[in-house]
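What follows is the content of structure.cif, which has mmCIF, C-alpha atoms:
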```
data_query
loop_
_atom_site.label_atom_id
_atom_site.label_comp_id
_atom_site.auth_asym_id
_atom_site.auth_seq_id
_atom_site.Cartn_x
_atom_site.Cartn_y
_atom_site.Cartn_z
CA MET H 1 137.27 85.16 162.84
CA GLU H 2 139.85 83.14 160.91
CA THR H 3 139.39 82.41 157.24
CA SER H 4 141.55 80.88 154.54
CA ALA H 5 142.40 84.43 153.46
CA GLY H 6 143.29 85.66 156.91
CA ALA H 7 141.52 87.10 159.92
CA VAL H 8 138.26 88.96 159.39
CA PRO H 9 137.09 91.33 162.14
CA ARG H 10 133.74 90.55 163.67
CA VAL H 11 131.45 93.47 164.47
CA LYS H 12 128.58 93.56 166.92
CA THR H 13 125.00 93.88 165.76
CA ALA H 14 124.07 96.04 168.73
CA LEU H 15 125.21 99.64 168.86
CA SER H 16 127.07 100.79 171.96
CA LEU H 17 126.45 104.05 173.78
CA ARG H 18 129.54 105.41 172.09
CA ASP H 19 128.12 104.48 168.66
CA LYS H 20 124.80 106.14 169.46
CA PHE H 21 126.56 109.24 170.73
CA GLY H 22 128.56 109.28 167.49
CA THR H 23 125.31 109.14 165.51
CA VAL H 24 123.88 112.10 167.42
CA LYS H 25 127.06 114.12 166.94
CA THR H 26 127.09 113.43 163.22
CA ARG H 27 123.42 114.38 162.87
CA LEU H 28 124.35 117.66 164.52
CA GLY H 29 127.09 118.18 161.96
CA ILE H 30 130.01 117.61 164.32
CA GLY H 31 132.87 115.65 162.77
CA ARG H 32 130.70 114.38 159.95
CA TYR H 33 133.49 114.59 157.39
CA ASN H 34 135.65 112.23 159.39
CA TYR H 35 133.36 109.48 160.61
CA LYS H 36 134.59 106.38 158.85
CA VAL H 37 135.34 102.71 159.24
CA VAL H 38 138.35 101.12 157.57
CA PRO H 39 137.24 99.70 154.20
CA GLY H 40 137.40 95.94 153.85
CA LEU H 41 135.77 92.71 154.95
CA TYR H 42 133.98 92.27 158.28
CA CYS H 43 131.55 89.69 159.58
CA VAL H 44 128.59 89.42 161.91
CA GLY H 45 127.81 86.20 163.76
CA THR H 46 129.73 83.19 162.50
CA PRO H 47 129.37 83.13 158.74
CA SER H 48 130.26 80.15 156.58
CA PRO H 49 131.40 80.17 152.97
CA GLU H 50 127.71 79.95 152.01
CA SER H 51 126.67 83.03 154.02
CA PRO H 52 125.54 86.17 152.18
CA VAL H 53 127.85 89.08 151.46
CA LEU H 54 126.39 92.53 152.13
CA MET H 55 128.26 95.45 150.67
CA THR H 56 128.01 98.96 152.06
CA ALA H 57 129.72 102.37 152.33
CA ASN H 58 132.43 103.16 154.89
CA TYR H 59 130.59 106.13 156.45
CA LYS H 60 130.25 104.92 160.04
CA LEU H 61 126.66 106.12 160.26
CA THR H 62 125.85 103.87 157.29
CA PHE H 63 127.88 100.97 158.62
CA ASP H 64 126.16 101.18 162.00
CA ALA H 65 122.72 101.54 160.37
CA LEU H 66 123.41 98.27 158.56
CA ARG H 67 124.92 96.15 161.31
CA LYS H 68 122.29 97.01 163.88
CA GLU H 69 119.69 95.28 161.69
CA LEU H 70 121.64 92.03 161.41
CA GLY H 71 121.03 90.63 164.87
CA GLY H 72 121.08 86.84 164.85
CA LEU H 73 122.35 86.61 161.27
CA ASP H 74 125.61 85.13 160.03
CA ALA H 75 126.87 87.30 157.20
CA TRP H 76 129.88 88.98 155.65
CA ILE H 77 129.98 92.77 155.39
CA LEU H 78 132.20 94.30 152.73
CA ALA H 79 132.77 98.01 153.35
CA ALA H 80 133.68 99.93 150.20
CA ASP H 81 136.00 102.92 150.37
CA THR H 82 133.52 105.73 149.80
CA ARG H 83 135.72 108.25 151.63
CA GLY H 84 133.38 108.23 154.59
CA ILE H 85 130.37 109.23 152.49
CA ASN H 86 126.97 107.53 152.62
CA VAL H 87 125.70 105.12 149.96
CA TRP H 88 123.47 107.49 147.96
CA CYS H 89 125.83 110.47 147.81
CA ALA H 90 128.87 108.29 147.19
CA ALA H 91 127.13 106.50 144.32
CA GLY H 92 126.03 109.82 142.85
CA LYS H 93 129.57 111.21 143.05
CA GLY H 94 131.14 108.16 141.42
CA LEU H 95 132.85 106.93 144.60
CA PHE H 96 130.61 103.94 145.20
CA SER H 97 131.33 102.74 141.70
CA THR H 98 131.72 99.58 139.64
CA GLU H 99 135.51 100.01 139.94
CA GLU H 100 135.41 100.36 143.72
CA VAL H 101 133.21 97.27 144.10
CA VAL H 102 135.61 95.22 141.98
CA ARG H 103 138.62 96.65 143.83
CA ARG H 104 137.20 95.77 147.23
CA VAL H 105 136.14 92.26 146.17
CA THR H 106 139.62 91.59 144.82
CA ARG H 107 141.57 93.10 147.72
CA SER H 108 139.55 91.26 150.34
CA ARG H 109 140.11 87.96 148.48
CA LEU H 110 136.38 87.35 148.75
CA ALA H 111 136.47 84.61 146.12
CA GLU H 112 138.63 82.52 148.48
CA ILE H 113 136.35 83.08 151.46
CA VAL H 114 132.86 82.45 150.04
CA SER H 115 131.78 79.57 147.84
CA HIS H 116 129.01 81.47 146.06
CA ARG H 117 129.45 84.38 143.70
CA GLU H 118 126.76 86.80 144.85
CA LEU H 119 127.04 90.30 146.30
CA ILE H 120 124.09 92.01 147.92
CA LEU H 121 124.32 95.75 147.32
CA PRO H 122 122.04 98.50 148.59
CA GLN H 123 119.46 99.47 145.97
CA LEU H 124 120.45 103.11 146.30
CA SER H 125 124.00 102.33 145.16
CA ALA H 126 122.61 101.52 141.71
CA THR H 127 123.24 105.06 140.50
CA GLY H 128 126.97 104.39 140.69
CA ILE H 129 127.22 100.69 139.93
CA ALA H 130 126.60 98.80 136.70
CA ALA H 131 125.64 95.31 137.86
CA HIS H 132 126.39 93.64 134.54
CA GLN H 133 129.88 95.20 134.46
CA VAL H 134 130.72 93.94 137.96
CA LYS H 135 129.84 90.40 136.89
CA LYS H 136 131.90 90.72 133.74
CA ILE H 137 135.01 91.99 135.55
CA CYS H 138 135.16 90.02 138.82
CA GLY H 139 132.60 87.28 138.34
CA PHE H 140 130.36 88.27 141.24
CA LYS H 141 126.67 88.75 140.49
CA VAL H 142 125.19 91.90 141.97
CA ILE H 143 121.86 91.46 143.69
CA TYR H 144 120.26 94.74 144.69
CA GLY H 145 118.90 94.51 148.21
CA PRO H 146 116.12 96.58 149.79
CA ILE H 147 116.30 100.34 150.25
CA ARG H 148 116.23 100.14 154.03
CA ALA H 149 118.65 97.99 156.01
CA ALA H 150 115.79 97.03 158.33
CA ASP H 151 114.29 94.97 155.50
CA ILE H 152 117.46 92.93 154.91
CA PRO H 153 116.59 89.97 157.17
CA ALA H 154 113.18 89.61 155.47
CA PHE H 155 114.84 90.03 152.08
CA ILE H 156 117.31 87.23 152.74
CA GLN H 157 114.57 85.07 154.24
CA ALA H 158 112.52 85.48 151.05
CA GLY H 159 115.40 84.14 148.98
CA ASN H 160 116.89 87.53 148.07
CA THR H 161 113.68 88.92 146.69
CA ALA H 162 112.10 92.24 147.57
CA ASP H 163 108.50 93.34 147.48
CA LYS H 164 107.38 96.74 146.18
CA ALA H 165 107.50 98.40 149.60
CA MET H 166 111.12 97.32 150.11
CA ARG H 167 112.08 98.91 146.80
CA THR H 168 110.29 102.24 147.27
CA VAL H 169 111.94 105.25 148.80
CA THR H 170 110.02 107.07 151.53
CA PHE H 171 110.36 110.48 153.14
CA THR H 172 108.47 110.23 156.40
CA PHE H 173 108.19 113.01 158.97
CA ARG H 174 110.91 111.39 161.05
CA GLU H 175 113.21 111.04 158.06
CA ARG H 176 112.69 114.74 157.29
CA ALA H 177 113.05 115.88 160.89
CA VAL H 178 116.48 114.29 161.47
CA LEU H 179 117.87 116.40 158.64
CA THR H 180 116.96 119.76 160.21
CA PRO H 181 119.76 120.15 162.79
CA VAL H 182 122.52 119.72 160.26
CA GLU H 183 120.76 122.04 157.76
CA ILE H 184 120.84 124.77 160.40
CA LEU H 185 124.38 124.00 161.55
CA LEU H 186 125.70 124.28 158.02
CA LEU H 187 124.49 127.90 158.06
CA ARG H 188 126.59 129.05 160.99
CA LYS H 189 129.35 130.85 159.04
CA ALA H 190 126.90 132.64 156.76
CA LEU H 191 124.77 133.53 159.76
CA ALA H 192 127.72 135.10 161.59
CA VAL H 193 128.43 137.31 158.57
CA VAL H 194 124.76 138.28 158.24
CA VAL H 195 124.48 139.16 161.94
CA ILE H 196 127.51 141.44 161.82
CA ALA H 197 126.36 143.08 158.59
CA THR H 198 122.85 143.54 160.01
CA LEU H 199 124.06 145.23 163.17
CA PHE H 200 126.33 147.51 161.16
CA LEU H 201 123.63 148.41 158.63
CA SER H 202 121.14 149.04 161.42
CA GLY H 203 123.45 151.56 163.07
CA LEU H 204 123.72 153.72 159.96
CA GLY H 205 121.57 156.84 159.92
CA PRO H 206 121.52 160.63 159.93
CA GLY H 207 124.17 160.67 162.65
CA ILE H 208 126.46 158.52 160.46
CA PHE H 209 126.68 155.63 162.92
CA SER H 210 124.95 155.05 166.26
CA MET H 211 125.79 152.10 168.47
CA ASP H 212 122.41 152.59 170.13
CA ALA H 213 120.60 152.21 166.84
CA ALA H 214 122.82 149.29 165.85
CA LEU H 215 121.36 147.39 168.79
CA SER H 216 117.83 148.76 169.07
CA ARG H 217 117.22 148.33 165.33
CA GLY H 218 119.71 145.53 164.83
CA ILE H 219 118.22 143.07 167.26
CA PRO H 220 114.77 142.93 165.63
CA ALA H 221 116.54 142.62 162.27
CA VAL H 222 118.70 139.72 163.45
CA CYS H 223 115.58 138.06 164.85
CA ALA H 224 113.97 138.47 161.44
CA THR H 225 116.77 136.37 159.98
CA LEU H 226 116.42 133.78 162.75
CA PHE H 227 112.66 133.55 162.15
CA GLY H 228 113.42 133.12 158.46
CA ILE H 229 115.73 130.21 159.26
CA LEU H 230 112.99 128.64 161.36
CA ALA H 231 110.51 129.07 158.53
CA GLY H 232 112.69 127.78 155.70
CA ALA H 233 114.84 125.16 157.40
CA VAL H 234 112.40 123.72 159.94
CA VAL H 235 108.74 124.48 159.18
CA VAL H 236 108.90 123.78 155.45
CA PRO H 237 110.69 120.42 155.85
CA PHE H 238 108.31 119.42 158.62
CA LEU H 239 105.21 120.24 156.59
CA LEU H 240 106.68 119.26 153.23
CA PRO H 241 103.90 117.10 151.71
CA TYR H 242 101.00 119.36 152.67
CA PRO H 243 101.10 122.37 150.31
CA PRO H 244 99.29 121.72 147.02
CA TRP H 245 102.01 123.38 144.93
CA ARG H 246 105.36 121.79 144.14
CA GLU H 247 107.93 124.53 144.36
CA PHE H 248 109.82 124.76 147.62
CA TRP H 249 110.62 128.46 147.37
CA ILE H 250 106.93 129.37 147.50
CA SER H 251 106.35 127.38 150.68
CA GLY H 252 109.41 129.04 152.18
CA ALA H 253 108.27 132.52 151.19
CA LEU H 254 104.83 132.01 152.72
CA ALA H 255 106.18 130.47 155.91
CA GLY H 256 108.72 133.28 156.03
CA ILE H 257 106.10 136.01 155.70
CA VAL H 258 104.04 134.49 158.48
CA ALA H 259 107.17 134.24 160.63
CA GLY H 260 108.03 137.81 159.71
CA VAL H 261 104.66 139.03 160.93
CA ALA H 262 105.25 137.12 164.17
CA ASN H 263 108.64 138.78 164.53
CA THR H 264 107.07 142.21 164.00
CA CYS H 265 104.51 141.52 166.71
CA LEU H 266 107.33 140.51 169.04
CA PHE H 267 108.92 143.92 168.62
CA ASN H 268 105.64 145.81 168.59
CA GLY H 269 106.18 149.54 169.01
CA ARG H 270 109.91 149.54 168.27
CA LEU H 271 109.57 149.64 164.49
CA ASP H 272 107.80 152.02 162.13
CA VAL H 273 105.64 150.75 159.27
CA TRP H 274 108.42 150.75 156.69
CA GLU H 275 110.83 148.96 158.98
CA SER H 276 108.21 146.32 159.78
CA LEU H 277 107.44 145.74 156.11
CA SER H 278 111.12 145.54 155.29
CA LEU H 279 111.69 142.88 157.96
CA ILE H 280 108.65 140.87 156.89
CA LEU H 281 109.97 140.91 153.32
CA TRP H 282 113.44 139.89 154.53
CA THR H 283 112.10 136.98 156.56
CA GLY H 284 110.19 135.87 153.48
CA VAL H 285 113.39 135.97 151.41
CA VAL H 286 115.41 133.99 153.96
CA GLY H 287 112.62 131.44 154.36
CA SER H 288 112.25 131.11 150.61
CA TYR H 289 115.98 130.64 149.98
CA LEU H 290 116.48 128.09 152.74
CA ALA H 291 113.40 126.12 151.71
CA MET H 292 114.73 126.04 148.17
CA ASN H 293 118.02 124.68 149.53
CA PHE H 294 116.17 121.81 151.15
CA THR H 295 115.65 120.36 147.68
CA GLY H 296 119.08 118.79 148.00
CA SER H 297 118.03 116.89 151.08
CA THR H 298 115.03 115.21 149.52
CA PRO H 299 114.94 111.87 147.68
CA TYR H 300 112.57 113.03 144.97
CA THR H 301 113.59 116.34 143.41
CA SER H 302 115.10 116.06 139.93
CA PRO H 303 117.93 118.39 138.85
CA SER H 304 115.87 119.53 135.85
CA GLY H 305 113.00 120.44 138.16
CA VAL H 306 115.23 122.20 140.68
CA GLU H 307 116.88 124.20 137.93
CA LYS H 308 113.46 125.27 136.63
CA GLU H 309 112.42 126.28 140.14
CA MET H 310 115.63 128.23 140.70
CA ARG H 311 115.35 130.22 137.48
CA ARG H 312 112.09 131.62 138.84
CA ALA H 313 112.99 131.80 142.50
CA ILE H 314 116.42 133.40 142.53
CA PRO H 315 115.53 136.62 140.66
CA ALA H 316 112.52 137.04 142.93
CA GLN H 317 114.58 136.38 146.07
CA ALA H 318 117.37 138.71 144.95
CA ALA H 319 114.99 141.52 144.07
CA ALA H 320 112.98 141.20 147.27
CA GLY H 321 116.15 140.95 149.35
CA LEU H 322 117.61 144.11 147.83
CA ILE H 323 114.36 146.01 148.37
CA ALA H 324 114.23 144.88 152.00
CA ILE H 325 117.81 145.97 152.62
CA ALA H 326 117.30 149.31 150.85
CA VAL H 327 114.14 150.15 152.81
CA TRP H 328 115.79 149.10 156.09
CA PHE H 329 118.77 151.32 155.36
CA ALA H 330 116.66 154.29 154.25
CA ALA H 331 114.10 154.22 157.08
CA PRO H 332 116.08 156.25 159.69
CA PHE H 333 116.65 159.01 157.12
CA PHE H 334 112.91 159.47 156.61
CA GLY H 335 111.97 158.81 160.27
CA MET A 1 105.95 108.15 146.61
CA LYS A 2 102.33 109.12 146.59
CA ASP A 3 102.69 112.09 148.92
CA PHE A 4 105.59 113.74 147.14
CA ARG A 5 105.34 115.13 143.64
CA TYR A 6 107.79 117.54 142.13
CA ILE A 7 107.78 119.75 139.02
CA GLY A 8 106.66 117.82 135.95
CA GLY A 9 107.35 118.06 132.23
CA VAL A 10 111.11 118.43 132.64
CA ALA A 11 112.56 114.94 133.03
CA THR A 12 115.31 114.08 130.54
CA LEU A 13 114.53 110.35 130.74
CA GLU A 14 114.29 108.45 127.42
CA LEU A 15 113.68 104.77 126.75
CA ASP A 16 114.60 103.17 123.42
CA SER A 17 112.12 100.31 123.20
CA ALA A 18 113.87 98.83 120.18
CA ARG A 19 116.95 98.04 122.28
CA CYS A 20 115.01 96.83 125.33
CA VAL A 21 114.99 93.09 126.03
CA GLY A 22 112.81 93.21 129.13
CA CYS A 23 115.50 92.13 131.65
CA GLY A 24 113.83 94.17 134.40
CA MET A 25 116.95 95.79 135.89
CA CYS A 26 115.43 99.26 135.47
CA GLU A 27 112.32 98.12 137.31
CA THR A 28 114.46 96.75 140.15
CA VAL A 29 116.75 99.70 140.73
CA CYS A 30 114.37 102.65 140.33
CA PRO A 31 113.76 104.26 143.76
CA HIS A 32 110.39 105.56 142.58
CA ARG A 33 109.09 102.47 140.75
CA ILE A 34 108.75 104.29 137.45
CA PHE A 35 109.34 101.27 135.25
CA ALA A 36 107.23 98.18 134.72
CA VAL A 37 108.11 95.25 132.49
CA ARG A 38 105.16 94.05 130.47
CA GLU A 39 105.49 91.31 127.86
CA LYS A 40 109.27 91.48 127.82
CA GLN A 41 109.33 95.25 127.33
CA ALA A 42 109.97 97.96 129.87
CA VAL A 43 107.52 100.83 129.99
CA ILE A 44 107.74 104.16 131.82
CA ARG A 45 104.64 104.39 134.00
CA ASP A 46 105.10 107.84 135.49
CA ILE A 47 107.77 110.01 133.91
CA ASP A 48 107.05 113.02 136.12
CA ALA A 49 108.07 110.99 139.16
CA CYS A 50 111.57 110.55 137.72
CA MET A 51 114.27 112.16 139.83
CA GLU A 52 116.98 111.67 137.17
CA CYS A 53 119.24 109.70 139.47
CA GLY A 54 120.53 107.60 136.56
CA ALA A 55 120.36 104.17 138.22
CA CYS A 56 118.27 102.77 135.36
CA ALA A 57 120.58 104.00 132.62
CA ARG A 58 123.62 102.76 134.53
CA ASN A 59 122.23 99.26 134.94
CA CYS A 60 120.70 98.72 131.52
CA PRO A 61 122.86 96.09 129.81
CA ARG A 62 121.54 97.17 126.38
CA GLU A 63 122.03 100.93 126.92
CA ALA A 64 118.39 101.39 126.06
CA ILE A 65 117.87 104.15 128.62
CA ALA A 66 119.26 107.66 128.50
CA VAL A 67 118.96 110.33 131.15
CA ILE A 68 121.02 113.34 132.12
CA PRO A 69 121.81 112.32 135.68
CA GLY A 70 122.43 114.82 138.39
CA VAL A 71 121.72 116.01 141.88
CA GLY A 72 118.42 117.71 142.59
CA CYS A 73 120.12 120.12 144.96
CA ALA A 74 119.76 123.89 144.66
CA ALA A 75 122.98 124.60 146.57
CA TYR A 76 124.97 122.26 144.33
CA ILE A 77 123.53 123.79 141.14
CA ILE A 78 124.30 127.31 142.40
CA SER A 79 127.83 126.14 143.12
CA THR A 80 128.25 124.87 139.55
CA TRP A 81 126.90 128.16 138.15
CA ILE A 82 129.35 130.19 140.25
CA HIS A 83 132.23 127.97 139.21
CA ARG A 84 131.22 128.33 135.58
CA ILE A 85 131.25 132.12 135.88
CA LYS A 86 134.57 132.12 137.72
CA GLY A 87 136.03 129.56 135.36
CA SER A 88 137.23 127.39 138.22
CA ALA A 89 136.91 123.65 138.43
CA GLY A 90 135.37 121.50 141.10
CA THR A 91 132.33 122.01 143.25
CA ARG A 92 131.81 121.52 146.91
CA CYS A 93 129.17 119.14 148.15
CA CYS A 94 127.95 119.35 151.71
#
```
Output the structure of this file as structure tokens.
Amino acid sequence: METSAGAVPRVKTALSLRDKFGTVKTRLGIGRYNYKVVPGLYCVGTPSPESPVLMTANYKLTFDALRKELGGLDAWILAADTRGINVWCAAGKGLFSTEEVVRRVTRSRLAEIVSHRELILPQLSATGIAAHQVKKICGFKVIYGPIRAADIPAFIQAGNTADKAMRTVTFTFRERAVLTPVEILLLRKALAVVVIATLFLSGLGPGIFSMDAALSRGIPAVCATLFGILAGAVVVPFLLPYPPWREFWISGALAGIVAGVANTCLFNGRLDVWESLSLILWTGVVGSYLAMNFTGSTPYTSPSGVEKEMRRAIPAQAAAGLIAIAVWFAAPFFG
Amino acid sequence: MKDFRYIGGVATLELDSARCVGCGMCETVCPHRIFAVREKQAVIRDIDACMECGACARNCPREAIAVIPGVGCAAYIISTWIHRIKGSAGTRCC
């Protein structure tokens, strides 16, 4: 639509099939580093100079998550240049910053387009933005909106006030589950290396190297790693709130050991006792390490806490991993 | 969040009550509702629920809050350790 500062693109508040497909692709890790909208001013509906200004990141997943909740509203959307990164991560990395907010407000000539001087920012951008500094530099007052875009209409309706639920972060089963595919996809390079190394290690024995052994021993060993991935990157996130302890690496180790036993049963008869124990230990290590890595995907782990957990977990994982590998290597020699 | 508790006794969060004027920004921005403003003074209700995101410190106009902000991500911390050992700069985020 036309404004005194030029044309402002209008975006739809309903996502197209192409948008939804884009969301699925990104959640699977495909093209997620390059899924952006051009930073700048947009609108939904037919906003007037009195309509609210909602600021957001220029990651298209974020932008879509916002606009799909604005059906029936007239509002301005100001997309900051966060290099295609979501609100929380961009704020944490200093991209969704006080400077960027001021830059975007100035460049879009927002002061000429709206009569008020209020900017509604996502609450989770607060780690990167100093509200009082924004006001000082460009004259716009920052109002922190609700955590979830879905609460924005109610927030605006209530006169830009939020209740406790709107301001509290959650981590529901669904919110945890959507993170699993990308967690697994990010492992693919490391997994390829591990598979090759496993097959090679499995083929070593009294006859120097046997292709037969590489496969007959290698396949159960590769499956042990896959079961470990299932334990650490899927089961632990799914069941996250249930264990009574707080460390992730312990949940991963336990889930991994259970998965390792399952893997051993699957290959019943093909492995001797030492090989079975070695694979169970390995699955525990993989599960433990991947569960520990899930800390970065949660909205509640502190860096001090994670560091404390890691100082205990990593020596244990390293030691157990080395023992598992050593026993696996040595087994054919003592057959 | 009631269902999610992480390791306690480690948070680097500090509130200087002498500087606090009770504006309530910390209460507004905290994703875990740690702060409450009572009688024009902010109080920390549950320090073990702090995830050290730094939003409170960033938005306090009186600089009454200090925290060592960071990412609670094992992979990121490992990456900084490796870079420290190698002496190289920069870390990769996912």
(message) Please list as number ranges by chain every residue within 9 Å of Ala313 of chain H, counting all atoms listed in the file and excluding residues in the same chain fewer than 4 positions away.
(response) H: 249-250, 288-289, 292, 308-309, 317-318
Do you have, as a tab-separated table, the list of residues of chain H lying at most 7 Å from chain A, each with its nearest atom pair and that distance in Å to one decimal, counting only C-alpha atoms and ordered by chain then number?
```
residue	atom	partner	partner_atom	distance
H:Gln123	CA	A:Val29	CA	5.9
H:Ala126	CA	A:Ala55	CA	4.9
H:Thr127	CA	A:Ala55	CA	3.8
H:Ile129	CA	A:Arg58	CA	6.8
H:Ala130	CA	A:Asn59	CA	4.7
H:Ala131	CA	A:Asn59	CA	6.0
H:His132	CA	A:Pro61	CA	6.4
H:Arg167	CA	A:Pro31	CA	6.4
H:Thr168	CA	A:Pro31	CA	5.3
H:Val169	CA	A:Pro31	CA	5.4
H:Thr170	CA	A:Met1	CA	6.5
H:Pro241	CA	A:Asp3	CA	5.9
H:Arg246	CA	A:Tyr6	CA	5.3
H:Met292	CA	A:Ala74	CA	6.5
H:Asn293	CA	A:Ala74	CA	5.2
H:Thr295	CA	A:Cys73	CA	5.2
H:Gly296	CA	A:Cys73	CA	3.5
H:Tyr300	CA	A:Met51	CA	5.5
H:Thr301	CA	A:Gly72	CA	5.1
H:Ser302	CA	A:Met51	CA	4.0
H:Pro303	CA	A:Gly72	CA	3.8
H:Ser304	CA	A:Val10	CA	5.8
H:Gly305	CA	A:Ile7	CA	5.3
H:Val306	CA	A:Gly72	CA	5.8
```
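Going from atom CA of Glu247 of chain H over to atom CA of Pro181 of chain H, you cover 22.3 Å.
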(message) Selection in question (the file shown): the PyMOL selection byres ((chain H and resi 320) around 12). Which residues does it include, as JSON, numbers by chain?
(response) {"H": [253, 277, 278, 279, 280, 281, 282, 283, 284, 285, 286, 288, 289, 313, 314, 315, 316, 317, 318, 319, 321, 322, 323, 324, 325, 326, 327]}
(request) Between atom CA of Ala91 of chain H and atom CA of Ala57 of chain H, measure the distance and give it in Å to one decimal. (result) 9.4 Å
Taking the block just given, write segment 46-79 of chain H to a file that holds C-alpha atoms, as a PDB file, in the first residue's frame.
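Here's the written file result_39.pdb:
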```
ATOM      1  CA  THR H  46      -4.971  -1.822   5.729  1.00  0.00           C
ATOM      2  CA  PRO H  47      -3.149  -0.117   8.569  1.00  0.00           C
ATOM      3  CA  SER H  48      -3.512   3.558   9.399  1.00  0.00           C
ATOM      4  CA  PRO H  49      -0.947   5.813  11.043  1.00  0.00           C
ATOM      5  CA  GLU H  50      -2.458   4.759  14.391  1.00  0.00           C
ATOM      6  CA  SER H  51      -2.027   1.008  13.770  1.00  0.00           C
ATOM      7  CA  PRO H  52       0.487  -0.953  15.846  1.00  0.00           C
ATOM      8  CA  VAL H  53       3.998  -1.719  14.646  1.00  0.00           C
ATOM      9  CA  LEU H  54       5.185  -5.282  15.249  1.00  0.00           C
ATOM     10  CA  MET H  55       8.880  -5.896  14.888  1.00  0.00           C
ATOM     11  CA  THR H  56      10.340  -9.304  14.105  1.00  0.00           C
ATOM     12  CA  ALA H  57      13.338 -11.193  12.669  1.00  0.00           C
ATOM     13  CA  ASN H  58      13.853 -11.785   8.935  1.00  0.00           C
ATOM     14  CA  TYR H  59      14.044 -15.593   9.202  1.00  0.00           C
ATOM     15  CA  LYS H  60      11.117 -16.585   6.997  1.00  0.00           C
ATOM     16  CA  LEU H  61       9.968 -19.234   9.460  1.00  0.00           C
ATOM     17  CA  THR H  62       9.668 -16.490  12.086  1.00  0.00           C
ATOM     18  CA  PHE H  63       8.047 -14.035   9.701  1.00  0.00           C
ATOM     19  CA  ASP H  64       5.473 -16.625   8.641  1.00  0.00           C
ATOM     20  CA  ALA H  65       4.842 -17.674  12.260  1.00  0.00           C
ATOM     21  CA  LEU H  66       4.003 -14.042  13.005  1.00  0.00           C
ATOM     22  CA  ARG H  67       1.861 -13.101  10.026  1.00  0.00           C
ATOM     23  CA  LYS H  68      -0.299 -16.193  10.174  1.00  0.00           C
ATOM     24  CA  GLU H  69      -1.593 -15.032  13.573  1.00  0.00           C
ATOM     25  CA  LEU H  70      -2.608 -11.581  12.350  1.00  0.00           C
ATOM     26  CA  GLY H  71      -5.735 -12.500  10.420  1.00  0.00           C
ATOM     27  CA  GLY H  72      -8.231  -9.639  10.408  1.00  0.00           C
ATOM     28  CA  LEU H  73      -5.786  -7.151  11.931  1.00  0.00           C
ATOM     29  CA  ASP H  74      -4.432  -3.953  10.417  1.00  0.00           C
ATOM     30  CA  ALA H  75      -0.812  -3.621  11.429  1.00  0.00           C
ATOM     31  CA  TRP H  76       2.688  -2.744  10.302  1.00  0.00           C
ATOM     32  CA  ILE H  77       5.412  -5.399  10.397  1.00  0.00           C
ATOM     33  CA  LEU H  78       9.006  -4.232  10.599  1.00  0.00           C
ATOM     34  CA  ALA H  79      11.435  -7.045   9.757  1.00  0.00           C
TER      35      ALA H  79
END
```
